[in-house]
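Below is the file query-v3.cif, which contains mmCIF, C-alpha atoms.
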```cif
data_target
loop_
_atom_site.group_PDB
_atom_site.id
_atom_site.type_symbol
_atom_site.label_atom_id
_atom_site.label_comp_id
_atom_site.auth_asym_id
_atom_site.auth_seq_id
_atom_site.Cartn_x
_atom_site.Cartn_y
_atom_site.Cartn_z
ATOM 1 C CA MET A 1 -33.833 -41.550 13.488
ATOM 2 C CA ALA A 2 -35.742 -38.300 13.026
ATOM 3 C CA ILE A 3 -33.424 -35.304 12.602
ATOM 4 C CA SER A 4 -34.726 -32.286 14.517
ATOM 5 C CA ALA A 5 -34.604 -28.740 13.211
ATOM 6 C CA ALA A 6 -32.632 -27.740 16.313
ATOM 7 C CA LEU A 7 -29.922 -30.303 15.504
ATOM 8 C CA VAL A 8 -29.707 -29.090 11.911
ATOM 9 C CA LYS A 9 -29.452 -25.503 13.161
ATOM 10 C CA GLU A 10 -26.623 -26.414 15.536
ATOM 11 C CA LEU A 11 -24.654 -28.137 12.758
ATOM 12 C CA ARG A 12 -25.194 -25.172 10.428
ATOM 13 C CA GLU A 13 -23.800 -22.804 13.058
ATOM 14 C CA ARG A 14 -20.790 -25.078 13.573
ATOM 15 C CA THR A 15 -19.942 -25.648 9.922
ATOM 16 C CA GLY A 16 -21.476 -22.739 8.000
ATOM 17 C CA ALA A 17 -22.923 -25.218 5.478
ATOM 18 C CA GLY A 18 -26.422 -25.189 3.977
ATOM 19 C CA MET A 19 -29.483 -26.627 5.704
ATOM 20 C CA MET A 20 -30.010 -29.569 3.328
ATOM 21 C CA GLU A 21 -26.321 -30.477 3.413
ATOM 22 C CA CYS A 22 -26.407 -30.499 7.225
ATOM 23 C CA LYS A 23 -29.557 -32.613 7.345
ATOM 24 C CA LYS A 24 -28.036 -35.113 4.896
ATOM 25 C CA ALA A 25 -24.869 -35.368 6.987
ATOM 26 C CA LEU A 26 -26.856 -35.901 10.205
ATOM 27 C CA THR A 27 -29.007 -38.556 8.574
ATOM 28 C CA ALA A 28 -25.886 -40.430 7.469
ATOM 29 C CA THR A 29 -24.573 -40.497 11.053
ATOM 30 C CA ASP A 30 -27.939 -41.198 12.767
ATOM 31 C CA GLY A 31 -27.909 -37.799 14.406
ATOM 32 C CA ASP A 32 -24.311 -37.883 15.718
ATOM 33 C CA ILE A 33 -23.475 -34.208 15.285
ATOM 34 C CA ASP A 34 -19.746 -34.604 16.001
ATOM 35 C CA ALA A 35 -19.367 -37.356 13.411
ATOM 36 C CA ALA A 36 -21.435 -35.352 10.921
ATOM 37 C CA ALA A 37 -19.229 -32.286 11.435
ATOM 38 C CA ASP A 38 -16.054 -34.373 10.977
ATOM 39 C CA ASN A 39 -17.385 -35.944 7.777
ATOM 40 C CA MET A 40 -18.386 -32.560 6.383
ATOM 41 C CA ARG A 41 -14.973 -31.139 7.210
ATOM 42 C CA ARG A 42 -13.166 -33.970 5.404
ATOM 43 C CA GLU A 43 -15.434 -33.651 2.361
ATOM 44 C CA GLY A 44 -15.058 -29.881 2.393
ATOM 45 C CA LEU A 45 -11.253 -30.037 2.451
ATOM 46 C CA ALA A 46 -11.287 -32.447 -0.483
ATOM 47 C CA LYS A 47 -13.499 -30.038 -2.415
ATOM 48 C CA ALA A 48 -11.163 -27.167 -1.488
ATOM 49 C CA ASP A 49 -8.185 -29.009 -2.988
ATOM 50 C CA LYS A 50 -10.082 -29.485 -6.258
ATOM 51 C CA LYS A 51 -10.702 -25.728 -6.497
ATOM 52 C CA ALA A 52 -7.034 -24.822 -5.950
ATOM 53 C CA GLY A 53 -6.246 -24.470 -9.675
ATOM 54 C CA ARG A 54 -8.979 -21.942 -10.419
ATOM 55 C CA VAL A 55 -8.011 -18.314 -11.065
ATOM 56 C CA ALA A 56 -8.635 -16.084 -8.044
ATOM 57 C CA ALA A 57 -8.110 -12.437 -9.008
ATOM 58 C CA GLU A 58 -10.746 -10.721 -6.856
ATOM 59 C CA GLY A 59 -10.658 -10.253 -3.082
ATOM 60 C CA ARG A 60 -9.418 -7.589 -0.718
ATOM 61 C CA VAL A 61 -6.432 -6.067 1.043
ATOM 62 C CA ALA A 62 -6.392 -6.379 4.820
ATOM 63 C CA THR A 63 -4.213 -4.364 7.178
ATOM 64 C CA ALA A 64 -2.944 -4.771 10.723
ATOM 65 C CA LEU A 65 -1.154 -2.092 12.746
ATOM 66 C CA SER A 66 0.745 -2.498 16.018
ATOM 67 C CA SER A 67 -0.531 -0.561 19.017
ATOM 68 C CA ASP A 68 2.529 1.697 19.016
ATOM 69 C CA ARG A 69 2.192 2.278 15.242
ATOM 70 C CA SER A 70 5.719 1.022 14.595
ATOM 71 C CA VAL A 71 4.821 -2.052 12.499
ATOM 72 C CA ALA A 72 2.158 -2.576 9.833
ATOM 73 C CA ILE A 73 1.030 -5.456 7.632
ATOM 74 C CA LEU A 74 -0.550 -5.194 4.191
ATOM 75 C CA LEU A 75 -1.973 -8.537 3.050
ATOM 76 C CA GLU A 76 -3.809 -9.620 -0.108
ATOM 77 C CA VAL A 77 -6.373 -12.426 0.008
ATOM 78 C CA ASN A 78 -7.902 -13.496 -3.307
ATOM 79 C CA CYS A 79 -11.121 -15.190 -4.340
ATOM 80 C CA GLU A 80 -12.850 -15.747 -7.678
ATOM 81 C CA THR A 81 -15.688 -13.198 -7.560
ATOM 82 C CA ASP A 82 -16.281 -9.734 -6.174
ATOM 83 C CA PHE A 83 -19.413 -11.094 -4.464
ATOM 84 C CA VAL A 84 -17.420 -13.482 -2.255
ATOM 85 C CA GLY A 85 -14.845 -10.739 -1.680
ATOM 86 C CA LYS A 86 -17.516 -8.827 0.243
ATOM 87 C CA ASN A 87 -18.703 -11.831 2.268
ATOM 88 C CA ASP A 88 -18.392 -11.302 6.037
ATOM 89 C CA ASP A 89 -16.641 -14.648 6.575
ATOM 90 C CA PHE A 90 -14.135 -13.842 3.823
ATOM 91 C CA VAL A 91 -13.497 -10.376 5.292
ATOM 92 C CA GLY A 92 -13.035 -11.893 8.746
ATOM 93 C CA PHE A 93 -10.553 -14.436 7.425
ATOM 94 C CA ALA A 94 -8.516 -11.729 5.668
ATOM 95 C CA GLU A 95 -8.354 -9.653 8.853
ATOM 96 C CA MET A 96 -7.390 -12.732 10.895
ATOM 97 C CA ALA A 97 -4.575 -13.533 8.454
ATOM 98 C CA ALA A 98 -3.220 -9.960 8.584
ATOM 99 C CA GLN A 99 -3.253 -9.983 12.392
ATOM 100 C CA ALA A 100 -1.493 -13.383 12.431
ATOM 101 C CA ALA A 101 1.207 -11.979 10.156
ATOM 102 C CA LEU A 102 1.648 -8.994 12.474
ATOM 103 C CA ASP A 103 1.740 -11.041 15.687
ATOM 104 C CA ASN A 104 4.000 -13.863 14.489
ATOM 105 C CA GLY A 105 6.361 -12.297 11.937
ATOM 106 C CA PRO A 106 6.366 -15.171 9.408
ATOM 107 C CA ALA A 107 9.032 -15.096 6.699
ATOM 108 C CA ASP A 108 6.640 -15.777 3.829
ATOM 109 C CA VAL A 109 3.128 -16.920 2.896
ATOM 110 C CA ASP A 110 3.986 -20.599 3.440
ATOM 111 C CA ALA A 111 5.117 -19.893 6.996
ATOM 112 C CA LEU A 112 2.005 -17.780 7.582
ATOM 113 C CA ALA A 113 -0.216 -20.670 6.452
ATOM 114 C CA GLU A 114 1.227 -22.922 9.179
ATOM 115 C CA ILE A 115 0.481 -20.537 12.059
ATOM 116 C CA GLU A 116 -2.039 -22.062 14.465
ATOM 117 C CA ILE A 117 -5.066 -20.080 15.592
ATOM 118 C CA ASP A 118 -7.369 -21.686 18.179
ATOM 119 C CA GLY A 119 -5.741 -25.056 17.605
ATOM 120 C CA GLU A 120 -6.037 -25.011 13.809
ATOM 121 C CA SER A 121 -3.600 -23.838 11.148
ATOM 122 C CA LEU A 122 -4.470 -20.771 9.125
ATOM 123 C CA ASP A 123 -4.353 -22.903 5.986
ATOM 124 C CA ALA A 124 -6.896 -25.335 7.431
ATOM 125 C CA LYS A 125 -9.174 -22.373 8.130
ATOM 126 C CA ARG A 126 -8.661 -21.202 4.551
ATOM 127 C CA ARG A 127 -9.572 -24.587 3.112
ATOM 128 C CA ALA A 128 -12.659 -24.788 5.305
ATOM 129 C CA LEU A 129 -13.688 -21.359 4.000
ATOM 130 C CA VAL A 130 -13.219 -22.594 0.429
ATOM 131 C CA ALA A 131 -15.576 -25.469 1.184
ATOM 132 C CA THR A 132 -18.147 -23.113 2.701
ATOM 133 C CA LEU A 133 -18.056 -20.352 0.077
ATOM 134 C CA GLY A 134 -17.443 -22.575 -2.959
ATOM 135 C CA GLU A 135 -14.567 -20.578 -4.470
ATOM 136 C CA ASN A 136 -10.807 -20.864 -4.590
ATOM 137 C CA ILE A 137 -9.365 -18.615 -1.874
ATOM 138 C CA THR A 138 -5.660 -17.865 -1.520
ATOM 139 C CA ILE A 139 -3.396 -15.700 0.603
ATOM 140 C CA ARG A 140 -1.300 -14.299 -2.218
ATOM 141 C CA ARG A 141 1.226 -12.022 -0.508
ATOM 142 C CA PHE A 142 1.888 -9.689 2.383
ATOM 143 C CA ARG A 143 4.299 -6.863 3.196
ATOM 144 C CA ARG A 144 5.617 -6.004 6.630
ATOM 145 C CA ILE A 145 6.629 -2.360 7.131
ATOM 146 C CA GLU A 146 8.640 -1.314 10.180
ATOM 147 C CA ALA A 147 9.215 2.268 11.294
ATOM 148 C CA GLY A 148 11.921 1.653 13.893
ATOM 149 C CA GLU A 149 12.214 4.852 15.907
ATOM 150 C CA GLY A 150 9.997 6.675 13.402
ATOM 151 C CA ARG A 151 6.284 6.262 12.834
ATOM 152 C CA LEU A 152 4.036 4.924 10.134
ATOM 153 C CA ASP A 153 0.495 5.069 8.876
ATOM 154 C CA VAL A 154 -1.667 2.979 6.584
ATOM 155 C CA TYR A 155 -4.277 4.016 4.056
ATOM 156 C CA MET A 156 -7.030 1.975 2.422
ATOM 157 C CA HIS A 157 -8.687 3.053 -0.826
ATOM 158 C CA GLY A 158 -11.873 1.023 -0.595
ATOM 159 C CA SER A 159 -10.963 -2.604 0.002
ATOM 160 C CA ARG A 160 -8.780 -3.170 -3.073
ATOM 161 C CA ILE A 161 -5.775 -0.869 -2.559
ATOM 162 C CA GLY A 162 -3.756 -0.630 0.623
ATOM 163 C CA SER A 163 -0.606 1.375 1.300
ATOM 164 C CA ALA A 164 1.724 2.080 4.201
ATOM 165 C CA VAL A 165 4.552 4.570 4.679
ATOM 166 C CA ALA A 166 7.091 4.782 7.508
ATOM 167 C CA VAL A 167 8.868 8.100 8.139
ATOM 168 C CA ALA A 168 11.351 9.642 10.517
ATOM 169 C CA GLY A 169 10.761 13.280 11.382
ATOM 170 C CA GLY A 170 8.231 15.589 9.767
ATOM 171 C CA GLU A 171 4.762 16.634 10.847
ATOM 172 C CA ASP A 172 2.290 14.242 12.458
ATOM 173 C CA ALA A 173 0.187 14.004 9.278
ATOM 174 C CA LEU A 174 3.091 13.276 6.931
ATOM 175 C CA ALA A 175 2.991 9.473 7.046
ATOM 176 C CA ARG A 176 -0.759 9.491 6.386
ATOM 177 C CA ASP A 177 -0.441 11.987 3.527
ATOM 178 C CA LEU A 178 2.334 9.970 1.919
ATOM 179 C CA ALA A 179 0.364 6.727 2.290
ATOM 180 C CA MET A 180 -2.504 8.381 0.389
ATOM 181 C CA HIS A 181 -0.020 9.530 -2.241
ATOM 182 C CA VAL A 182 1.417 6.024 -2.670
ATOM 183 C CA ALA A 183 -2.073 4.553 -3.033
ATOM 184 C CA ALA A 184 -2.847 7.058 -5.791
ATOM 185 C CA THR A 185 0.406 6.981 -7.781
ATOM 186 C CA ALA A 186 1.853 3.463 -7.285
ATOM 187 C CA PRO A 187 5.561 4.396 -7.371
ATOM 188 C CA ALA A 188 7.769 1.476 -8.397
ATOM 189 C CA HIS A 189 10.825 2.634 -6.420
ATOM 190 C CA LEU A 190 11.666 4.987 -3.556
ATOM 191 C CA SER A 191 14.280 7.076 -5.385
ATOM 192 C CA ALA A 192 16.219 7.169 -8.655
ATOM 193 C CA ASP A 193 19.131 5.409 -6.911
ATOM 194 C CA ASP A 194 16.871 2.398 -6.325
ATOM 195 C CA VAL A 195 15.966 1.903 -9.996
ATOM 196 C CA PRO A 196 17.849 -1.156 -11.327
ATOM 197 C CA GLN A 197 20.488 -0.375 -13.939
ATOM 198 C CA GLU A 198 18.930 -2.760 -16.442
ATOM 199 C CA ARG A 199 15.678 -0.819 -16.291
ATOM 200 C CA ARG A 200 17.536 2.466 -16.811
ATOM 201 C CA ASP A 201 19.452 1.006 -19.762
ATOM 202 C CA ALA A 202 16.301 -0.393 -21.396
ATOM 203 C CA GLU A 203 14.493 2.931 -21.101
ATOM 204 C CA LYS A 204 17.491 4.869 -22.393
ATOM 205 C CA GLU A 205 17.782 2.572 -25.403
ATOM 206 C CA LEU A 206 14.114 3.106 -26.209
ATOM 207 C CA LEU A 207 14.431 6.887 -25.845
ATOM 208 C CA MET A 208 17.545 6.945 -28.027
ATOM 209 C CA ALA A 209 15.743 5.059 -30.794
ATOM 210 C CA GLN A 210 12.809 7.471 -30.637
ATOM 211 C CA ALA A 211 15.094 10.528 -30.634
ATOM 212 C CA ARG A 212 17.134 9.358 -33.631
ATOM 213 C CA ASP A 213 13.942 9.291 -35.690
ATOM 214 C CA SER A 214 13.893 13.091 -35.327
ATOM 215 C CA GLY A 215 17.028 13.413 -37.480
ATOM 216 C CA LYS A 216 18.724 15.760 -34.989
ATOM 217 C CA PRO A 217 22.517 15.730 -34.416
ATOM 218 C CA GLU A 218 23.880 13.112 -31.987
ATOM 219 C CA GLU A 219 24.935 15.670 -29.351
ATOM 220 C CA ILE A 220 21.397 17.125 -29.320
ATOM 221 C CA ILE A 221 19.941 13.626 -29.085
ATOM 222 C CA GLU A 222 22.090 12.881 -26.019
ATOM 223 C CA LYS A 223 20.777 15.966 -24.205
ATOM 224 C CA MET A 224 17.178 15.180 -25.219
ATOM 225 C CA VAL A 225 17.514 11.647 -23.885
ATOM 226 C CA GLU A 226 19.094 12.796 -20.607
ATOM 227 C CA GLY A 227 16.131 15.081 -19.956
ATOM 228 C CA ARG A 228 13.565 12.468 -20.878
ATOM 229 C CA LEU A 229 15.281 9.838 -18.725
ATOM 230 C CA ARG A 230 15.219 12.194 -15.727
ATOM 231 C CA LYS A 231 11.501 12.704 -16.308
ATOM 232 C CA PHE A 232 10.939 8.943 -16.533
ATOM 233 C CA LEU A 233 12.806 8.333 -13.270
ATOM 234 C CA GLY A 234 10.753 11.041 -11.591
ATOM 235 C CA GLU A 235 7.519 9.419 -12.724
ATOM 236 C CA ILE A 236 8.319 5.961 -11.353
ATOM 237 C CA THR A 237 9.940 6.972 -8.033
ATOM 238 C CA LEU A 238 8.193 8.162 -4.898
ATOM 239 C CA MET A 239 10.722 10.917 -4.221
ATOM 240 C CA GLY A 240 10.533 12.234 -7.777
ATOM 241 C CA GLN A 241 6.757 12.349 -8.131
ATOM 242 C CA PRO A 242 4.710 15.551 -7.716
ATOM 243 C CA PHE A 243 2.967 15.375 -4.324
ATOM 244 C CA VAL A 244 -0.733 14.643 -4.916
ATOM 245 C CA LYS A 245 -1.911 17.274 -2.430
ATOM 246 C CA ASP A 246 0.398 19.944 -3.902
ATOM 247 C CA PRO A 247 1.582 19.087 -7.441
ATOM 248 C CA ASP A 248 3.834 22.156 -7.478
ATOM 249 C CA MET A 249 6.337 20.316 -5.268
ATOM 250 C CA THR A 250 7.834 16.851 -5.416
ATOM 251 C CA VAL A 251 7.700 14.399 -2.523
ATOM 252 C CA GLU A 252 11.454 14.906 -2.128
ATOM 253 C CA LYS A 253 10.975 18.651 -1.702
ATOM 254 C CA LEU A 254 8.120 18.061 0.772
ATOM 255 C CA CYS A 255 10.343 15.819 2.894
ATOM 256 C CA LYS A 256 13.174 18.366 2.839
ATOM 257 C CA GLN A 257 10.784 21.096 3.949
ATOM 258 C CA GLN A 258 9.724 18.994 6.938
ATOM 259 C CA ASN A 259 13.199 17.606 7.651
ATOM 260 C CA ALA A 260 11.808 14.105 7.176
ATOM 261 C CA THR A 261 13.127 10.837 5.769
ATOM 262 C CA ILE A 262 11.047 8.048 4.237
ATOM 263 C CA ILE A 263 12.157 4.796 5.891
ATOM 264 C CA ASP A 264 10.041 2.378 3.841
ATOM 265 C CA TYR A 265 6.779 2.122 1.960
ATOM 266 C CA ALA A 266 4.532 -0.497 0.390
ATOM 267 C CA ARG A 267 1.455 -0.675 -1.807
ATOM 268 C CA ILE A 268 -0.726 -3.693 -2.630
ATOM 269 C CA GLU A 269 -3.566 -3.723 -5.134
ATOM 270 C CA VAL A 270 -5.911 -6.683 -5.456
ATOM 271 C CA GLY A 271 -5.323 -8.804 -8.558
ATOM 272 C CA GLU A 272 -2.285 -6.818 -9.692
ATOM 273 C CA GLY A 273 -0.348 -8.932 -12.195
ATOM 274 C CA ILE A 274 -2.855 -11.800 -12.252
ATOM 275 C CA GLU A 275 -4.030 -12.742 -15.720
ATOM 276 C CA LYS A 276 -7.804 -12.912 -15.580
ATOM 277 C CA LYS A 277 -9.850 -15.247 -17.721
ATOM 278 C CA GLN A 278 -11.777 -13.254 -20.318
ATOM 279 C CA GLU A 279 -15.418 -14.277 -20.278
ATOM 280 C CA ASP A 280 -17.515 -14.070 -23.434
ATOM 281 C CA PHE A 281 -20.970 -13.977 -21.877
ATOM 282 C CA ALA A 282 -22.846 -13.934 -25.187
ATOM 283 C CA ALA A 283 -20.944 -16.981 -26.448
ATOM 284 C CA GLU A 284 -21.544 -18.750 -23.139
ATOM 285 C CA VAL A 285 -25.307 -18.162 -23.332
ATOM 286 C CA LYS A 286 -25.355 -19.294 -26.963
ATOM 287 C CA ALA A 287 -23.475 -22.490 -26.130
ATOM 288 C CA GLN A 288 -25.842 -23.225 -23.242
ATOM 289 C CA ALA A 289 -28.863 -22.653 -25.501
ATOM 290 C CA GLU A 290 -27.448 -25.052 -28.098
ATOM 291 C CA LYS A 291 -27.022 -27.732 -25.442
ATOM 292 C CA THR A 292 -30.650 -27.491 -24.374
ATOM 293 C CA ALA A 293 -32.093 -27.168 -27.884
#
```
Once you've parsed the file, please lay out its structure as structure tokens.
Amino acid sequence: MAISAALVKELRERTGAGMMECKKALTATDGDIDAAADNMRREGLAKADKKAGRVAAEGRVATALSSDRSVAILLEVNCETDFVGKNDDFVGFAEMAAQAALDNGPADVDALAEIEIDGESLDAKRRALVATLGENITIRRFRRIEAGEGRLDVYMHGSRIGSAVAVAGGEDALARDLAMHVAATAPAHLSADDVPQERRDAEKELLMAQARDSGKPEEIIEKMVEGRLRKFLGEITLMGQPFVKDPDMTVEKLCKQQNATIIDYARIEVGEGIEKKQEDFAAEVKAQAEKTA
């Protein structure tokens, strides 16, 4: 049976696959487009499973915000290359996943993957996208921020860093300003009270060892370490950091001035904590040349 260009075009639009792949699938099913689409889907999902072990450290952060601005989602979707991270289908999938997380309130990524959209699970859509784009794609994590009776705002720095801050009280622009601050400074904790004791103890031990090298008396060392520990806690906590728009005041002082309280905050950066494979391009080219010599 002759396979028409119109039939190939229809299958391409349905599956997102290449022209030759669509023609081959239609030829194998004697022009039965439904059977061809089913076969391509099964083959694509099998290919997606094979790609699951590959490192995916690129991608984007997607956000979703409720209409009343009381709930926000920050979600990280990863792929293998920056090129695919900018693909329209990849961007659309990331936005769909963030909206699904907002609408359904899943407990974790596994629960999010099982949510059905248009009769198909989100994970099935992810695997189909893997088959289409040819890279491992994963939903790595998401954070849900709720403002309660307060309000929140989100901030995106490009497509790789997303932040959200929920506040009670303060000026209208405060949540937005603080979200920008969080994106820029990446505070590990809200306040000094939230820093785990083991982290405090480890830092104090390090500071004590450094101070003793100075040869100063023990009572002087204790005071030196107390001051340095306070500085360290200020650097890693949102409330203790100098406000990026006015470094002469801390975020804590800014909130006191506006009679505001930070309810919650979150920041996600693409690829944070993922160990990337180091490519030696020159060695790769040399090895390829030796193979063809």
Just want the 6 Å neighbourhood of stretch 60-67 of chain A, counted on only C-alpha atoms, with same-chain residues fewer than 2 positions away dropped. Output as a VMD selection string. chain A and resid 69 71 to 77 94 to 95 98 to 99 159 to 160 270
Exactly which residues make up the result of the PyMOL selection byres ((chain A and resi 90) around 10) on this file, given as a PyMOL selection string? chain A and resi 59-60+77-79+84-89+91-96+126+129-130+133+137
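Between atom CA of A:Gly169 and atom CA of A:Met156 there is a distance of 22.9 Å.
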Residues within 8 Å of (-1.6, 0.8, 0.6), file coords, all atoms listed in the file, listed as a list in words: Leu74, Val154, Tyr155, Met156, His157, Ile161, Gly162, Ser163, Ala164, Ala179, Met180, Val182, Ala183, Ala266, Arg267, Ile268 and Glu269 of chain A
Pick the closest to A:Ile263 from A:Ala6, A:Met20, A:Ala147, A:Ile33: which is it, counting only C-alpha atoms?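 The answer is A:Ala147, which sits nearest to A:Ile263.
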Counting all atoms listed in the file, the residue of A:Glu135, A:Asp68, A:Glu205, A:Asp118 that sits nearest A:Phe83: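 Looking only at the distances to A:Phe83, the closest residue turns out to be A:Glu135.
Applied to the shown file, the PyMOL selection byres ((chain A and resi 149) around 8) selects the residues Ser70, Ala147, Gly148, Gly150, Arg151 and Ala168 of chain A.
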Please expand the PyMOL selection byres ((chain A and resi 207) around 10) into the concrete residues it hits in this file, giving the result as a VMD selection string. chain A and resid 201 to 206 208 to 212 221 to 222 224 to 226 228 to 229
Atom pair atom CA of A:Ala57 / atom CA of A:Ile274: separation (Å): 6.2 Å
Could you tell me how far atom CA of A:Glu146 sits from atom CA of A:Val167, in Å to one decimal place? 9.6 Å
I'd like the contact shell of A:Cys255 - 10 Å cut-off, only C-alpha atoms, skipping same-chain residues fewer than 2 positions apart - returned as number ranges by chain. A: 167-171, 174, 178, 239, 250-253, 257-262
Among listed residues A:Glu114, A:Lys216, A:Thr27, A:Ile236, nearest A:Arg200 (using only C-alpha atoms):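 Distance minimum relative to A:Arg200 lands on A:Ile236.
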Just write stretch 108-120 of chain A with C-alpha atoms, as an mmCIF file, in the first residue's frame, taken from the block above.
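Produced file decode-v8.cif, reproduced below:
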```cif
data_model
loop_
_atom_site.group_PDB
_atom_site.id
_atom_site.type_symbol
_atom_site.label_atom_id
_atom_site.label_comp_id
_atom_site.auth_asym_id
_atom_site.auth_seq_id
_atom_site.Cartn_x
_atom_site.Cartn_y
_atom_site.Cartn_z
ATOM 1 C CA ASP A 108 5.578 13.713 46.652
ATOM 2 C CA VAL A 109 6.972 13.240 43.139
ATOM 3 C CA ASP A 110 5.753 9.629 42.945
ATOM 4 C CA ALA A 111 2.189 10.708 43.689
ATOM 5 C CA LEU A 112 2.503 13.540 41.166
ATOM 6 C CA ALA A 113 3.598 11.069 38.472
ATOM 7 C CA GLU A 114 0.354 9.094 38.883
ATOM 8 C CA ILE A 115 -1.962 12.077 38.357
ATOM 9 C CA GLU A 116 -4.052 11.634 35.211
ATOM 10 C CA ILE A 117 -4.298 14.422 32.656
ATOM 11 C CA ASP A 118 -6.615 13.886 29.670
ATOM 12 C CA GLY A 119 -6.847 10.189 30.454
ATOM 13 C CA GLU A 120 -3.096 9.595 30.733
#
```
